[in-house]
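Enquirer: Below is the file start11.cif, which contains mmCIF, C-alpha atoms.
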```
data_query
#
loop_
_atom_site.label_atom_id
_atom_site.label_comp_id
_atom_site.auth_asym_id
_atom_site.auth_seq_id
_atom_site.Cartn_x
_atom_site.Cartn_y
_atom_site.Cartn_z
CA MET A 1 -30.41 3.72 -48.26
CA LEU A 2 -32.09 7.01 -47.43
CA LEU A 3 -30.55 10.29 -46.26
CA GLY A 4 -30.58 10.74 -42.50
CA LEU A 5 -32.26 7.42 -41.76
CA ASP A 6 -30.78 4.52 -39.78
CA PRO A 7 -29.93 1.71 -42.25
CA LEU A 8 -31.69 -0.74 -39.91
CA LEU A 9 -34.98 0.87 -40.93
CA GLY A 10 -35.83 -1.26 -43.96
CA GLY A 11 -38.70 -0.51 -46.29
CA ASP A 12 -41.24 -2.73 -44.56
CA LEU A 13 -40.41 -1.45 -41.07
CA LEU A 14 -40.46 2.18 -42.28
CA LYS A 15 -43.91 1.57 -43.75
CA THR A 16 -45.10 0.09 -40.45
CA LEU A 17 -43.77 3.04 -38.44
CA ARG A 18 -45.22 5.63 -40.83
CA ASP A 19 -48.59 3.89 -40.99
CA MET A 20 -48.88 3.76 -37.18
CA GLY A 21 -50.88 6.55 -35.53
CA HIS A 22 -50.85 7.89 -31.99
CA GLY A 23 -51.58 5.25 -29.36
CA ASP A 24 -50.47 2.45 -31.68
CA SER A 25 -47.67 0.29 -30.31
CA ILE A 26 -44.79 -1.75 -31.65
CA CYS A 27 -43.21 -4.70 -29.85
CA VAL A 28 -39.41 -5.18 -29.77
CA VAL A 29 -38.36 -8.61 -28.55
CA ASP A 30 -35.43 -10.93 -27.91
CA CYS A 31 -34.53 -13.93 -30.06
CA ASN A 32 -36.46 -16.48 -27.98
CA PHE A 33 -39.77 -14.62 -28.04
CA PRO A 34 -42.48 -16.20 -30.25
CA ALA A 35 -42.36 -13.14 -32.50
CA HIS A 36 -43.38 -14.67 -35.81
CA GLU A 37 -46.21 -16.73 -34.35
CA ILE A 38 -47.72 -13.86 -32.35
CA ALA A 39 -47.49 -11.63 -35.43
CA ARG A 40 -48.99 -14.31 -37.68
CA ARG A 41 -51.98 -14.85 -35.37
CA ALA A 42 -52.49 -11.09 -35.04
CA GLY A 43 -52.23 -10.61 -38.80
CA VAL A 44 -49.48 -8.00 -38.48
CA PRO A 45 -45.91 -7.85 -39.87
CA CYS A 46 -42.92 -9.36 -38.10
CA HIS A 47 -39.75 -7.45 -38.92
CA ALA A 48 -36.44 -9.22 -38.25
CA LEU A 49 -33.57 -6.89 -37.32
CA ALA A 50 -29.93 -7.95 -37.12
CA THR A 51 -29.25 -6.10 -33.87
CA ASP A 52 -30.08 -6.27 -30.16
CA THR A 53 -33.08 -4.61 -28.49
CA PRO A 54 -31.28 -1.32 -27.71
CA GLY A 55 -30.12 -1.15 -31.34
CA ALA A 56 -33.67 -1.68 -32.56
CA ALA A 57 -35.03 0.92 -30.15
CA ARG A 58 -32.37 3.39 -31.26
CA ALA A 59 -33.41 3.00 -34.91
CA ILE A 60 -37.15 3.10 -34.20
CA LEU A 61 -36.98 6.10 -31.87
CA SER A 62 -34.86 8.03 -34.37
CA VAL A 63 -38.12 8.56 -36.29
CA MET A 64 -40.99 7.50 -34.00
CA PRO A 65 -42.23 9.92 -31.30
CA LEU A 66 -43.17 8.40 -27.95
CA ASP A 67 -46.68 8.95 -26.60
CA SER A 68 -46.86 11.64 -23.93
CA PHE A 69 -50.58 10.91 -23.38
CA VAL A 70 -49.96 7.60 -21.60
CA ASP A 71 -48.07 7.03 -18.34
CA THR A 72 -45.50 4.65 -19.77
CA PRO A 73 -45.04 4.61 -23.58
CA VAL A 74 -42.08 2.31 -22.95
CA ARG A 75 -42.85 -0.94 -21.17
CA ARG A 76 -40.67 -3.97 -20.38
CA MET A 77 -41.51 -7.61 -19.74
CA GLU A 78 -41.13 -8.38 -16.01
CA VAL A 79 -38.65 -11.06 -14.91
CA THR A 80 -40.86 -13.86 -13.61
CA ALA A 81 -39.58 -14.32 -10.06
CA THR A 82 -38.35 -10.74 -9.58
CA PRO A 83 -40.81 -8.38 -11.28
CA ASP A 84 -39.18 -5.23 -9.92
CA GLU A 85 -35.73 -6.20 -11.23
CA LEU A 86 -34.29 -4.16 -14.07
CA ASN A 87 -31.95 -6.62 -15.76
CA GLU A 88 -29.08 -5.56 -18.02
CA ALA A 89 -31.22 -5.48 -21.16
CA HIS A 90 -33.86 -3.38 -19.39
CA ARG A 91 -31.28 -0.89 -18.15
CA GLU A 92 -29.66 -0.61 -21.60
CA LEU A 93 -33.03 -0.08 -23.27
CA LEU A 94 -33.96 2.68 -20.83
CA ALA A 95 -30.57 4.35 -21.33
CA THR A 96 -31.14 4.25 -25.09
CA VAL A 97 -34.58 5.82 -24.69
CA HIS A 98 -33.10 8.58 -22.54
CA GLU A 99 -30.30 9.19 -25.04
CA VAL A 100 -32.42 9.19 -28.20
CA ALA A 101 -35.83 10.47 -27.04
CA GLY A 102 -35.02 12.40 -23.87
CA LYS A 103 -34.55 11.97 -20.14
CA GLU A 104 -38.22 12.53 -19.32
CA TRP A 105 -39.49 9.09 -20.32
CA ARG A 106 -40.16 6.42 -17.69
CA MET A 107 -40.32 2.67 -18.27
CA GLY A 108 -43.35 0.71 -17.14
CA SER A 109 -43.58 -3.07 -16.83
CA ILE A 110 -45.95 -5.89 -17.72
CA GLU A 111 -46.15 -9.38 -16.24
CA ARG A 112 -44.89 -12.03 -18.68
CA PHE A 113 -48.19 -13.59 -19.77
CA ALA A 114 -49.96 -10.23 -19.85
CA PHE A 115 -47.10 -9.09 -22.10
CA TYR A 116 -48.01 -11.74 -24.68
CA GLU A 117 -51.55 -10.38 -24.76
CA GLU A 118 -50.33 -6.81 -25.17
CA ALA A 119 -47.88 -7.92 -27.88
CA ALA A 120 -50.78 -9.40 -29.83
CA LYS A 121 -52.41 -5.94 -29.96
CA CYS A 122 -49.34 -4.28 -31.48
CA ALA A 123 -49.10 -2.96 -35.05
CA ALA A 124 -46.02 -5.12 -35.61
CA VAL A 125 -43.43 -7.24 -33.85
CA VAL A 126 -39.72 -6.52 -34.27
CA ALA A 127 -37.66 -9.67 -33.74
CA THR A 128 -34.07 -8.85 -32.75
CA LEU A 129 -31.01 -11.02 -32.14
CA ASP A 130 -30.85 -10.04 -28.46
CA ARG A 131 -30.00 -13.27 -26.56
CA ARG A 132 -30.72 -11.87 -23.11
CA GLY A 133 -33.81 -13.06 -21.28
CA TYR A 134 -36.82 -10.78 -20.81
CA ALA A 135 -35.40 -8.36 -23.39
CA CYS A 136 -38.93 -7.61 -24.55
CA PHE A 137 -40.45 -4.14 -24.84
CA ILE A 138 -43.52 -2.34 -26.10
CA LEU A 139 -43.14 1.19 -27.47
CA THR A 140 -46.22 3.39 -27.99
CA LYS A 141 -46.29 6.05 -30.70
CA GLY A 142 -47.20 9.65 -29.97
CA VAL A 143 -48.10 12.85 -31.78
CA ILE A 144 -45.98 15.25 -33.84
CA GLY A 145 -47.36 18.79 -33.95
CA PRO A 146 -47.44 21.16 -36.93
CA ASP A 147 -44.03 22.47 -35.83
CA GLY A 148 -42.48 19.00 -36.21
CA LYS A 149 -42.04 18.51 -32.45
CA ILE A 150 -43.53 15.92 -30.10
CA VAL A 151 -46.81 17.09 -28.52
CA MET B 1 -46.17 10.94 -38.73
CA LEU B 2 -42.45 10.45 -38.27
CA LEU B 3 -39.85 12.79 -36.83
CA GLY B 4 -37.99 14.80 -39.45
CA LEU B 5 -39.85 13.33 -42.42
CA ASP B 6 -42.07 15.21 -44.87
CA PRO B 7 -45.72 14.24 -44.14
CA LEU B 8 -46.20 13.65 -47.90
CA LEU B 9 -43.99 10.57 -47.55
CA GLY B 10 -46.63 7.98 -46.69
CA GLY B 11 -45.81 4.43 -45.65
CA ASP B 12 -46.02 2.91 -49.11
CA LEU B 13 -43.92 5.62 -50.76
CA LEU B 14 -41.33 5.44 -47.96
CA LYS B 15 -41.09 1.70 -48.50
CA THR B 16 -40.59 2.23 -52.25
CA LEU B 17 -37.86 4.81 -51.70
CA ARG B 18 -36.06 2.69 -49.09
CA ASP B 19 -36.29 -0.47 -51.19
CA MET B 20 -34.80 1.27 -54.25
CA GLY B 21 -31.07 0.86 -54.78
CA HIS B 22 -28.58 2.92 -56.77
CA GLY B 23 -29.49 3.32 -60.42
CA ASP B 24 -33.17 2.64 -59.72
CA SER B 25 -35.51 5.42 -60.81
CA ILE B 26 -38.84 6.86 -59.75
CA CYS B 27 -41.21 8.71 -62.06
CA VAL B 28 -43.03 11.89 -60.91
CA VAL B 29 -45.83 12.92 -63.22
CA ASP B 30 -48.65 15.41 -63.81
CA CYS B 31 -52.33 14.60 -63.42
CA ASN B 32 -52.93 13.75 -67.09
CA PHE B 33 -50.14 11.19 -67.33
CA PRO B 34 -51.29 7.52 -67.54
CA ALA B 35 -49.64 6.87 -64.18
CA HIS B 36 -51.83 4.07 -62.88
CA GLU B 37 -51.91 2.17 -66.16
CA ILE B 38 -48.14 2.35 -66.74
CA ALA B 39 -47.55 1.24 -63.14
CA ARG B 40 -50.09 -1.55 -63.42
CA ARG B 41 -48.52 -2.95 -66.62
CA ALA B 42 -45.05 -2.70 -65.08
CA GLY B 43 -46.21 -4.37 -61.88
CA VAL B 44 -44.94 -1.53 -59.70
CA PRO B 45 -46.72 0.74 -57.19
CA CYS B 46 -48.45 3.98 -58.17
CA HIS B 47 -48.37 6.49 -55.30
CA ALA B 48 -50.85 9.36 -55.46
CA LEU B 49 -49.62 12.58 -53.83
CA ALA B 50 -51.83 15.60 -53.13
CA THR B 51 -49.27 18.13 -54.35
CA ASP B 52 -47.66 19.35 -57.57
CA THR B 53 -44.49 17.95 -59.12
CA PRO B 54 -42.10 20.33 -57.28
CA GLY B 55 -43.82 19.41 -53.99
CA ALA B 56 -43.38 15.71 -54.71
CA ALA B 57 -39.74 16.21 -55.71
CA ARG B 58 -39.12 18.19 -52.54
CA ALA B 59 -40.48 15.35 -50.38
CA ILE B 60 -38.69 12.60 -52.30
CA LEU B 61 -35.32 14.38 -52.42
CA SER B 62 -35.48 15.12 -48.70
CA VAL B 63 -34.54 11.44 -48.23
CA MET B 64 -33.44 10.09 -51.64
CA PRO B 65 -29.90 10.80 -52.87
CA LEU B 66 -29.50 11.57 -56.57
CA ASP B 67 -27.18 9.40 -58.66
CA SER B 68 -23.81 11.03 -59.33
CA PHE B 69 -22.79 8.09 -61.56
CA VAL B 70 -25.11 9.10 -64.43
CA ASP B 71 -25.04 12.31 -66.43
CA THR B 72 -28.58 13.38 -65.63
CA PRO B 73 -30.27 11.75 -62.60
CA VAL B 74 -33.09 14.27 -63.15
CA ARG B 75 -34.82 14.09 -66.51
CA ARG B 76 -37.89 15.92 -67.86
CA MET B 77 -40.35 15.06 -70.60
CA GLU B 78 -39.71 17.23 -73.67
CA VAL B 79 -42.47 19.51 -74.95
CA THR B 80 -43.48 17.95 -78.28
CA ALA B 81 -42.97 20.83 -80.70
CA THR B 82 -40.25 22.60 -78.71
CA PRO B 83 -38.00 19.97 -77.13
CA ASP B 84 -35.46 22.50 -75.86
CA GLU B 85 -38.09 24.57 -74.05
CA LEU B 86 -38.05 24.57 -70.27
CA ASN B 87 -41.65 25.31 -69.39
CA GLU B 88 -42.73 26.68 -66.01
CA ALA B 89 -43.07 23.24 -64.41
CA HIS B 90 -39.62 22.23 -65.67
CA ARG B 91 -38.02 25.40 -64.29
CA GLU B 92 -39.74 24.99 -60.92
CA LEU B 93 -38.67 21.36 -60.66
CA LEU B 94 -35.05 22.24 -61.42
CA ALA B 95 -35.14 25.07 -58.86
CA THR B 96 -36.48 22.58 -56.28
CA VAL B 97 -33.68 20.13 -57.08
CA HIS B 98 -31.09 22.87 -56.68
CA GLU B 99 -32.64 24.00 -53.39
CA VAL B 100 -33.05 20.57 -51.81
CA ALA B 101 -30.23 18.50 -53.32
CA GLY B 102 -27.67 21.10 -54.38
CA LYS B 103 -26.77 23.40 -57.26
CA GLU B 104 -24.57 20.84 -59.00
CA TRP B 105 -27.36 18.76 -60.55
CA ARG B 106 -28.34 19.20 -64.21
CA MET B 107 -31.63 18.25 -65.82
CA GLY B 108 -31.69 16.03 -68.88
CA SER B 109 -34.63 15.47 -71.20
CA ILE B 110 -36.45 12.62 -72.92
CA GLU B 111 -38.72 12.75 -75.97
CA ARG B 112 -42.35 12.17 -75.05
CA PHE B 113 -42.83 8.61 -76.31
CA ALA B 114 -39.38 7.53 -75.17
CA PHE B 115 -40.38 8.90 -71.76
CA TYR B 116 -43.26 6.42 -71.55
CA GLU B 117 -40.81 3.59 -72.15
CA GLU B 118 -38.45 4.91 -69.47
CA ALA B 119 -41.36 5.38 -67.05
CA ALA B 120 -42.26 1.71 -67.49
CA LYS B 121 -38.79 0.77 -66.19
CA CYS B 122 -39.15 2.79 -62.97
CA ALA B 123 -39.52 1.28 -59.50
CA ALA B 124 -42.74 3.28 -58.99
CA VAL B 125 -44.81 6.08 -60.45
CA VAL B 126 -45.78 9.08 -58.32
CA ALA B 127 -49.01 10.65 -59.59
CA THR B 128 -49.30 14.28 -58.53
CA LEU B 129 -52.07 16.87 -58.94
CA ASP B 130 -49.88 19.08 -61.16
CA ARG B 131 -52.16 20.35 -63.95
CA ARG B 132 -49.36 21.73 -66.11
CA GLY B 133 -48.49 19.95 -69.33
CA TYR B 134 -45.24 17.98 -69.65
CA ALA B 135 -44.75 18.17 -65.86
CA CYS B 136 -43.22 14.68 -65.95
CA PHE B 137 -39.85 13.73 -64.50
CA ILE B 138 -37.65 10.73 -63.78
CA LEU B 139 -35.37 10.83 -60.72
CA THR B 140 -32.55 8.29 -60.37
CA LYS B 141 -31.36 7.18 -56.94
CA GLY B 142 -27.71 7.29 -55.94
CA VAL B 143 -25.38 6.02 -53.24
CA ILE B 144 -24.97 7.06 -49.60
CA GLY B 145 -21.53 6.33 -48.20
CA PRO B 146 -20.69 5.01 -44.72
CA ASP B 147 -20.45 8.63 -43.53
CA GLY B 148 -24.09 9.26 -44.48
CA LYS B 149 -23.21 11.54 -47.40
CA ILE B 150 -23.91 11.16 -51.12
CA VAL B 151 -21.07 9.39 -52.98
#
```
What does this structure look like when you write it as structure tokens?
Expert:
Amino acid sequence: MLLGLDPLLGGDLLKTLRDMGHGDSICVVDCNFPAHEIARRAGVPCHALATDTPGAARAILSVMPLDSFVDTPVRRMEVTATPDELNEAHRELLATVHEVAGKEWRMGSIERFAFYEEAAKCAAVVATLDRRGYACFILTKGVIGPDGKIV
Amino acid sequence: MLLGLDPLLGGDLLKTLRDMGHGDSICVVDCNFPAHEIARRAGVPCHALATDTPGAARAILSVMPLDSFVDTPVRRMEVTATPDELNEAHRELLATVHEVAGKEWRMGSIERFAFYEEAAKCAAVVATLDRRGYACFILTKGVIGPDGKIV
């Protein structure tokens, strides 16, 4: 346990988040996503978290700044037949982002198979226990200035 | 970079600090101490920090609770001929502890060769650039309660 840090942030995940630089991304996925296999092929860590995707995002965004240099540093996997639909998991994730990181962030989307390709470029995959479909997200890390605030 | 965390806390050191439990200790030493060799023999990480021992203690104690269940969770290496002497590095380290963690903590001491044995039992060794002699310390981690405060 560390002072001021969410207990969900274990040592390996903290190392991943600290080692990431601006523009690097981390993937947060539901329990059916091929998290371990995509991470294994990419040669990056897969961190299992005993929470749902909003819980994981809450812990990650408590320390990780989002990237203001890209249009959508938060992206969701699109529902196959209804790509514009924000399902319950999507809405909860966005609400968590707004609560923890600020109201200014928008959520982009990625088609399902393109999402797998983007996931394979991430610095790590976070496998949650979220049982809801399409509860898959990519978060991109930003910059902290000398004053400790997001640039 | 992570929000609210001292930039000196790199990924590997953060992982060490998070993985430590109560009663586990970390050694913070000057630049002449056999840090790498003691860590290598013990099979634990050696983290190099580009600061002096008070700077390292400041970063570590910004997240690591001290152990209230032992008499002296902060211990210094004794000066060989004058074991009761608090040299400049010792005084600065204690002032840093009081500033960051609170005025209630006392500093114990360990004879030089006994210190090497205690260092070998630590979860990691932090090698600083402190050039002052006997600037060697052992910090013991404590407990954070459900309310986020030190127990």
Enquirer: If we count all atoms listed in the file and set the cut-off at 7 Å, which residues sit around range 102-113 of chain B, ignoring sequence neighbours fewer than 4 positions away in its own chain? Please answer as a PDB file with C-alpha atoms, keeping the file's coordinate frame.
Expert:
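Okay, this is what ended up in out_28.pdb:
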```pdb
ATOM      1  CA  THR B  72     -28.580  13.380 -65.630  1.00  0.00           C
ATOM      2  CA  VAL B  74     -33.090  14.270 -63.150  1.00  0.00           C
ATOM      3  CA  ARG B  75     -34.820  14.090 -66.510  1.00  0.00           C
ATOM      4  CA  ARG B  76     -37.890  15.920 -67.860  1.00  0.00           C
ATOM      5  CA  MET B  77     -40.350  15.060 -70.600  1.00  0.00           C
ATOM      6  CA  GLU B  78     -39.710  17.230 -73.670  1.00  0.00           C
ATOM      7  CA  THR B  80     -43.480  17.950 -78.280  1.00  0.00           C
ATOM      8  CA  LEU B  94     -35.050  22.240 -61.420  1.00  0.00           C
ATOM      9  CA  VAL B  97     -33.680  20.130 -57.080  1.00  0.00           C
ATOM     10  CA  HIS B  98     -31.090  22.870 -56.680  1.00  0.00           C
ATOM     11  CA  GLU B 117     -40.810   3.590 -72.150  1.00  0.00           C
TER      12      GLU B 117
END
```
Enquirer: Rank nothing, just name the residue among B:Pro34, B:Gly23, B:Pro45, B:Gly55 nearest to Leu8 in chain B, using all atoms listed in the file.
Expert: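 Using all atoms listed in the file, the shortest distance to Leu8 in chain B belongs to B:Gly55.
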Enquirer: For chain B against chain A, which residues fall within 8 Å using only C-alpha atoms, given as a ChimeraX atom specification?
Expert: /B:1-5,10-12,14-21,62-65,143-144,148-149
Enquirer: Go through A:Ala56, A:Ala114, A:Ala135, A:Ala120 and flag the residue nearest Arg91 in chain A, using only C-alpha atoms for the distances.
Expert: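 Selected residue with least distance to Arg91 in chain A: A:Ala135.
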Enquirer: All Cα atoms, paired in order, least squares: that's the fit I need for chain B onto chain A, output as a short mmCIF file (atom, residue, chain, number, x, y, z; two decimals) with C-alpha atoms, keeping the file's coordinate frame.
Expert:
```cif
data_model
loop_
_atom_site.label_atom_id
_atom_site.label_comp_id
_atom_site.auth_asym_id
_atom_site.auth_seq_id
_atom_site.Cartn_x
_atom_site.Cartn_y
_atom_site.Cartn_z
CA MET B 1 -30.43 3.75 -48.26
CA LEU B 2 -32.08 7.04 -47.42
CA LEU B 3 -30.55 10.30 -46.27
CA GLY B 4 -30.59 10.76 -42.51
CA LEU B 5 -32.26 7.43 -41.76
CA ASP B 6 -30.78 4.54 -39.78
CA PRO B 7 -29.92 1.73 -42.26
CA LEU B 8 -31.69 -0.74 -39.91
CA LEU B 9 -34.98 0.88 -40.93
CA GLY B 10 -35.82 -1.24 -43.97
CA GLY B 11 -38.71 -0.50 -46.31
CA ASP B 12 -41.24 -2.71 -44.57
CA LEU B 13 -40.41 -1.44 -41.08
CA LEU B 14 -40.46 2.18 -42.29
CA LYS B 15 -43.90 1.58 -43.75
CA THR B 16 -45.10 0.09 -40.44
CA LEU B 17 -43.76 3.03 -38.44
CA ARG B 18 -45.22 5.62 -40.83
CA ASP B 19 -48.60 3.88 -40.99
CA MET B 20 -48.89 3.76 -37.18
CA GLY B 21 -50.86 6.55 -35.54
CA HIS B 22 -50.85 7.88 -31.98
CA GLY B 23 -51.58 5.25 -29.37
CA ASP B 24 -50.48 2.43 -31.68
CA SER B 25 -47.67 0.28 -30.31
CA ILE B 26 -44.78 -1.75 -31.65
CA CYS B 27 -43.22 -4.70 -29.85
CA VAL B 28 -39.41 -5.18 -29.76
CA VAL B 29 -38.37 -8.60 -28.56
CA ASP B 30 -35.43 -10.93 -27.90
CA CYS B 31 -34.55 -13.92 -30.05
CA ASN B 32 -36.46 -16.48 -27.95
CA PHE B 33 -39.76 -14.62 -28.03
CA PRO B 34 -42.49 -16.20 -30.25
CA ALA B 35 -42.36 -13.14 -32.49
CA HIS B 36 -43.37 -14.68 -35.80
CA GLU B 37 -46.21 -16.74 -34.35
CA ILE B 38 -47.72 -13.86 -32.35
CA ALA B 39 -47.48 -11.62 -35.42
CA ARG B 40 -48.96 -14.28 -37.67
CA ARG B 41 -51.98 -14.85 -35.37
CA ALA B 42 -52.50 -11.09 -35.05
CA GLY B 43 -52.22 -10.61 -38.80
CA VAL B 44 -49.48 -8.00 -38.47
CA PRO B 45 -45.92 -7.86 -39.87
CA CYS B 46 -42.92 -9.37 -38.10
CA HIS B 47 -39.73 -7.45 -38.92
CA ALA B 48 -36.44 -9.21 -38.25
CA LEU B 49 -33.57 -6.88 -37.32
CA ALA B 50 -29.92 -7.94 -37.12
CA THR B 51 -29.25 -6.09 -33.87
CA ASP B 52 -30.09 -6.27 -30.17
CA THR B 53 -33.07 -4.62 -28.50
CA PRO B 54 -31.27 -1.32 -27.71
CA GLY B 55 -30.12 -1.15 -31.35
CA ALA B 56 -33.67 -1.68 -32.58
CA ALA B 57 -35.03 0.92 -30.14
CA ARG B 58 -32.37 3.38 -31.26
CA ALA B 59 -33.40 2.99 -34.92
CA ILE B 60 -37.14 3.10 -34.21
CA LEU B 61 -36.98 6.11 -31.88
CA SER B 62 -34.86 8.03 -34.36
CA VAL B 63 -38.12 8.56 -36.29
CA MET B 64 -40.99 7.50 -33.99
CA PRO B 65 -42.22 9.92 -31.31
CA LEU B 66 -43.16 8.41 -27.95
CA ASP B 67 -46.68 8.95 -26.60
CA SER B 68 -46.85 11.65 -23.93
CA PHE B 69 -50.57 10.92 -23.39
CA VAL B 70 -49.95 7.60 -21.59
CA ASP B 71 -48.06 7.05 -18.36
CA THR B 72 -45.50 4.66 -19.78
CA PRO B 73 -45.05 4.61 -23.59
CA VAL B 74 -42.07 2.30 -22.95
CA ARG B 75 -42.86 -0.94 -21.17
CA ARG B 76 -40.67 -3.97 -20.38
CA MET B 77 -41.52 -7.60 -19.72
CA GLU B 78 -41.13 -8.38 -16.01
CA VAL B 79 -38.65 -11.05 -14.91
CA THR B 80 -40.86 -13.87 -13.60
CA ALA B 81 -39.58 -14.32 -10.06
CA THR B 82 -38.36 -10.75 -9.58
CA PRO B 83 -40.82 -8.39 -11.28
CA ASP B 84 -39.17 -5.24 -9.93
CA GLU B 85 -35.73 -6.21 -11.23
CA LEU B 86 -34.28 -4.18 -14.08
CA ASN B 87 -31.95 -6.63 -15.75
CA GLU B 88 -29.08 -5.57 -18.01
CA ALA B 89 -31.22 -5.49 -21.16
CA HIS B 90 -33.87 -3.40 -19.40
CA ARG B 91 -31.29 -0.89 -18.15
CA GLU B 92 -29.67 -0.61 -21.59
CA LEU B 93 -33.02 -0.08 -23.28
CA LEU B 94 -33.96 2.68 -20.83
CA ALA B 95 -30.56 4.34 -21.32
CA THR B 96 -31.14 4.23 -25.10
CA VAL B 97 -34.58 5.82 -24.69
CA HIS B 98 -33.11 8.58 -22.55
CA GLU B 99 -30.30 9.17 -25.04
CA VAL B 100 -32.41 9.19 -28.20
CA ALA B 101 -35.81 10.47 -27.05
CA GLY B 102 -35.01 12.42 -23.89
CA LYS B 103 -34.54 11.97 -20.15
CA GLU B 104 -38.20 12.55 -19.32
CA TRP B 105 -39.48 9.10 -20.33
CA ARG B 106 -40.15 6.41 -17.71
CA MET B 107 -40.32 2.67 -18.27
CA GLY B 108 -43.34 0.70 -17.14
CA SER B 109 -43.59 -3.06 -16.82
CA ILE B 110 -45.95 -5.89 -17.73
CA GLU B 111 -46.15 -9.38 -16.23
CA ARG B 112 -44.90 -12.02 -18.65
CA PHE B 113 -48.19 -13.58 -19.75
CA ALA B 114 -49.97 -10.24 -19.84
CA PHE B 115 -47.12 -9.09 -22.09
CA TYR B 116 -48.03 -11.74 -24.67
CA GLU B 117 -51.57 -10.39 -24.75
CA GLU B 118 -50.32 -6.82 -25.17
CA ALA B 119 -47.88 -7.92 -27.88
CA ALA B 120 -50.79 -9.41 -29.83
CA LYS B 121 -52.40 -5.95 -29.96
CA CYS B 122 -49.32 -4.27 -31.47
CA ALA B 123 -49.11 -2.96 -35.04
CA ALA B 124 -46.00 -5.12 -35.62
CA VAL B 125 -43.43 -7.23 -33.85
CA VAL B 126 -39.71 -6.51 -34.26
CA ALA B 127 -37.65 -9.67 -33.73
CA THR B 128 -34.09 -8.85 -32.74
CA LEU B 129 -31.01 -11.03 -32.15
CA ASP B 130 -30.85 -10.06 -28.46
CA ARG B 131 -29.99 -13.26 -26.56
CA ARG B 132 -30.74 -11.86 -23.11
CA GLY B 133 -33.81 -13.08 -21.27
CA TYR B 134 -36.83 -10.80 -20.80
CA ALA B 135 -35.39 -8.36 -23.38
CA CYS B 136 -38.94 -7.61 -24.55
CA PHE B 137 -40.46 -4.15 -24.84
CA ILE B 138 -43.54 -2.34 -26.10
CA LEU B 139 -43.15 1.20 -27.48
CA THR B 140 -46.22 3.39 -27.98
CA LYS B 141 -46.28 6.05 -30.70
CA GLY B 142 -47.19 9.65 -29.98
CA VAL B 143 -48.11 12.85 -31.78
CA ILE B 144 -45.98 15.26 -33.83
CA GLY B 145 -47.37 18.78 -33.94
CA PRO B 146 -47.45 21.13 -36.94
CA ASP B 147 -44.04 22.46 -35.84
CA GLY B 148 -42.49 19.00 -36.21
CA LYS B 149 -42.04 18.51 -32.46
CA ILE B 150 -43.53 15.91 -30.11
CA VAL B 151 -46.82 17.07 -28.53
#
```
Enquirer: Can you work out the spacing between CA of Val151 in chain A and CA of Asp24 in chain A in Å, to one decimal?
Expert: 15.4 Å
Enquirer: Separation of CA of Val44 in chain A and CA of Lys121 in chain A, in Å?
Expert: 9.2 Å
Enquirer: Expressed in Å to a single decimal, how great is the separation between CA of Ala119 in chain B and CA of Glu99 in chain B?
Expert: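 Interatomic distance here is 24.7 Å.
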Enquirer: Write out as a VMD selection string each polymer residue whose atoms come within 8 Å of Ala35 in chain A, counting all atoms listed in the file; drop sequence neighbours fewer than 5 positions from it.
Expert: chain A and resid 29 46 125 to 127
Enquirer: What's the 9 Å shell around Val79 in chain B, counting all atoms listed in the file, without same-chain residues fewer than 2 positions away, as a list in words?
Expert: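 These residues fall inside the cut-off: Met77, Ala81, Thr82, Pro83, Asp84, Glu85, Leu86, Asn87, Glu111, Arg112, Gly133 and Tyr134 of chain B.
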Enquirer: With C-alpha atoms retained, could you export that selection as a short mmCIF file (atom, residue, chain, number, x, y, z; two decimals), keeping the file's coordinate frame?
Expert:
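Listed below is the output, out-v4.cif:
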```cif
data_model
loop_
_atom_site.label_atom_id
_atom_site.label_comp_id
_atom_site.auth_asym_id
_atom_site.auth_seq_id
_atom_site.Cartn_x
_atom_site.Cartn_y
_atom_site.Cartn_z
CA MET B 77 -40.35 15.06 -70.60
CA ALA B 81 -42.97 20.83 -80.70
CA THR B 82 -40.25 22.60 -78.71
CA PRO B 83 -38.00 19.97 -77.13
CA ASP B 84 -35.46 22.50 -75.86
CA GLU B 85 -38.09 24.57 -74.05
CA LEU B 86 -38.05 24.57 -70.27
CA ASN B 87 -41.65 25.31 -69.39
CA GLU B 111 -38.72 12.75 -75.97
CA ARG B 112 -42.35 12.17 -75.05
CA GLY B 133 -48.49 19.95 -69.33
CA TYR B 134 -45.24 17.98 -69.65
#
```
Enquirer: Please identify all polymer residues within 12 Å of Asp130 in chain B, counting all atoms listed in the file, omitting same-chain residues fewer than 3 positions from it, and present them as JSON, numbers by chain.
Expert: {"B": [28, 29, 30, 31, 32, 33, 48, 49, 50, 51, 52, 53, 54, 55, 56, 57, 88, 89, 90, 92, 93, 126, 127, 133, 134, 135, 136, 137]}
Enquirer: Find the smallest box with edges along x, y and z containing every listed atom of range 76-95 of chain B, then add 6 Å on each side and report centre and edge lengths in Å to one decimal, as lines of an AutoDock Vina configuration file.
Expert:
```
center_x = -39.3
center_y = 20.9
center_z = -69.8
size_x = 20.4
size_y = 23.6
size_z = 33.8
```
